[in-house]
Amino acid sequence: GLLRGLRSVFPGASFCIIGRNIEDREWWEDKGVTFFLPLLVSPVSYHKNEKIYRLKNKFNAVGFFFSFFFSLIILPTHLFRSIFYISKENKETLSAYTRANLVISKGGSFFREPGDKRNILPVGILMHLHQLIIALFMKKKVVLSAQSFGPINNTLSRIIMKQTLRRCALITTRENDSKEYLDKVLHISANVVCTGDSAFLLSVNEVKNDDSGVSAVLSKVAYYKNLDKTCVGITV
């Protein structure tokens, strides 16, 4: 929905996306969007033994924490580019940041933690914040589009998030609760507007040779094969 809306306003613009699943590259590039991997990502280790699975991923989270803060320390130095230019993928990602006129964090629930327990290692939030911090350091305008925020229980991630979001050019939220959370908890309100989910930017009718229309998307889901009935989407 977001991509469709942007293309309607800026028909001559080129688009890139950063995502952690390299398997998605072909899907995006079929739609004319260049795909890059993030500079910093926490690897997920799988194991049939639940205890080993949890232990390995805790080690991964600790390693990510070290990499996150180390990258911020060396960010203003030449050492940052020396380290992150080692791999071809990172070199291409940094080049994409350099060329960008605008960096948009697309809608989702990336900036939240489990409400029923304290998140000691907030890897998910810091991974997304890292992408914004890199863009802001490169003096790019950053927009958070149709996001949901909160709750955030970890004090450290809350502080970093507060300092980062204050520097963004614009933040749009998917619901009033998120707007109120930014205002009352993080004390951010000057650059915040409540809009709605970017799915509402999709066209209602299916477009020929285009799989971005609502009907085309729903037709891929078994439950909605019968499109004679009215379909209503609800964000909860």
# chains A, B, ... in the order shown; residues from 1 in each chain; ligands from 1

call {"tool": "residues_around", "arguments": {"residues": "Ser105 of chain A", "least_positions_apart": "2", "cutoff": "8 Å", "atoms": "only C-alpha atoms", "output": "list in words"}}
result
Val103, Gly107, Leu132, Val142, Val143, Leu144 and Ser145 of chain A

call {"tool": "select_by_dssp", "arguments": {"residues": "segment 4-181 of chain A", "states": "strand (DSSP E or B)", "output": "ChimeraX atom specification"}}
result
/A:15-18,33-36,102-105,108-111,141-149,170-173

call {"tool": "select_by_dssp", "arguments": {"residues": "segment 9-225 of chain A", "states": "helix (DSSP H, G or I)", "output": "PyMOL selection string"}}
result
chain A and resi 9+22-29+50-74+78-84+88-99+123-137+155-165+176-184+198-201+214-218+222-224

call {"tool": "residues_around", "arguments": {"residues": "His128 of chain A", "least_positions_apart": "4", "cutoff": "10 Å", "atoms": "only C-alpha atoms", "output": "mmCIF file with N, CA, C and O atoms, in the first residue's frame"}}
result
data_model
loop_
_atom_site.group_PDB
_atom_site.id
_atom_site.type_symbol
_atom_site.label_atom_id
_atom_site.label_comp_id
_atom_site.auth_asym_id
_atom_site.auth_seq_id
_atom_site.Cartn_x
_atom_site.Cartn_y
_atom_site.Cartn_z
ATOM 1 N N PRO A 38 20.078 -5.449 5.919
ATOM 2 C CA PRO A 38 20.486 -4.477 6.935
ATOM 3 C C PRO A 38 21.953 -4.651 7.318
ATOM 4 O O PRO A 38 22.511 -5.743 7.194
ATOM 5 N N LEU A 40 23.125 -4.492 10.288
ATOM 6 C CA LEU A 40 23.220 -5.203 11.559
ATOM 7 C C LEU A 40 21.942 -5.986 11.790
ATOM 8 O O LEU A 40 20.847 -5.433 11.739
ATOM 9 N N VAL A 41 22.083 -7.280 12.025
ATOM 10 C CA VAL A 41 20.918 -8.125 12.252
ATOM 11 C C VAL A 41 21.288 -9.204 13.250
ATOM 12 O O VAL A 41 22.434 -9.673 13.281
ATOM 13 N N SER A 105 10.628 4.285 7.236
ATOM 14 C CA SER A 105 10.385 3.038 7.965
ATOM 15 C C SER A 105 8.921 2.696 7.771
ATOM 16 O O SER A 105 8.032 3.380 8.279
ATOM 17 N N PHE A 110 6.976 -2.621 14.873
ATOM 18 C CA PHE A 110 8.388 -2.885 15.150
ATOM 19 C C PHE A 110 8.828 -2.312 16.490
ATOM 20 O O PHE A 110 9.788 -2.800 17.087
ATOM 21 N N PHE A 111 8.131 -1.263 16.946
ATOM 22 C CA PHE A 111 8.595 -0.547 18.130
ATOM 23 C C PHE A 111 7.697 -0.846 19.331
ATOM 24 O O PHE A 111 7.028 0.029 19.877
ATOM 25 N N VAL A 123 16.357 -6.861 21.266
ATOM 26 C CA VAL A 123 17.070 -6.958 19.992
ATOM 27 C C VAL A 123 16.247 -6.408 18.836
ATOM 28 O O VAL A 123 16.748 -5.676 17.987
ATOM 29 N N GLY A 124 14.952 -6.762 18.793
ATOM 30 C CA GLY A 124 14.109 -6.345 17.681
ATOM 31 C C GLY A 124 14.041 -4.838 17.517
ATOM 32 O O GLY A 124 14.248 -4.302 16.419
ATOM 33 N N LEU A 132 17.581 3.472 11.408
ATOM 34 C CA LEU A 132 17.228 4.895 11.453
ATOM 35 C C LEU A 132 18.428 5.742 11.866
ATOM 36 O O LEU A 132 18.647 6.831 11.329
ATOM 37 N N ILE A 133 19.209 5.247 12.827
ATOM 38 C CA ILE A 133 20.376 5.991 13.316
ATOM 39 C C ILE A 133 21.396 6.182 12.207
ATOM 40 O O ILE A 133 21.977 7.264 12.054
ATOM 41 N N MET A 161 15.315 5.077 21.742
ATOM 42 C CA MET A 161 14.192 5.330 20.848
ATOM 43 C C MET A 161 13.739 6.788 20.940
ATOM 44 O O MET A 161 13.468 7.435 19.919
#

call {"tool": "closest_residue", "arguments": {"among": "A:Asn191, A:Ser8, A:Gln131, A:Thr34", "to": "Ile104 of chain A", "atoms": "only C-alpha atoms"}}
result
A:Gln131

call {"tool": "closest_residue", "arguments": {"among": "A:Phe80, A:Phe35, A:Phe149, A:Phe68", "to": "Asp183 of chain A", "atoms": "only C-alpha atoms"}}
result
A:Phe149
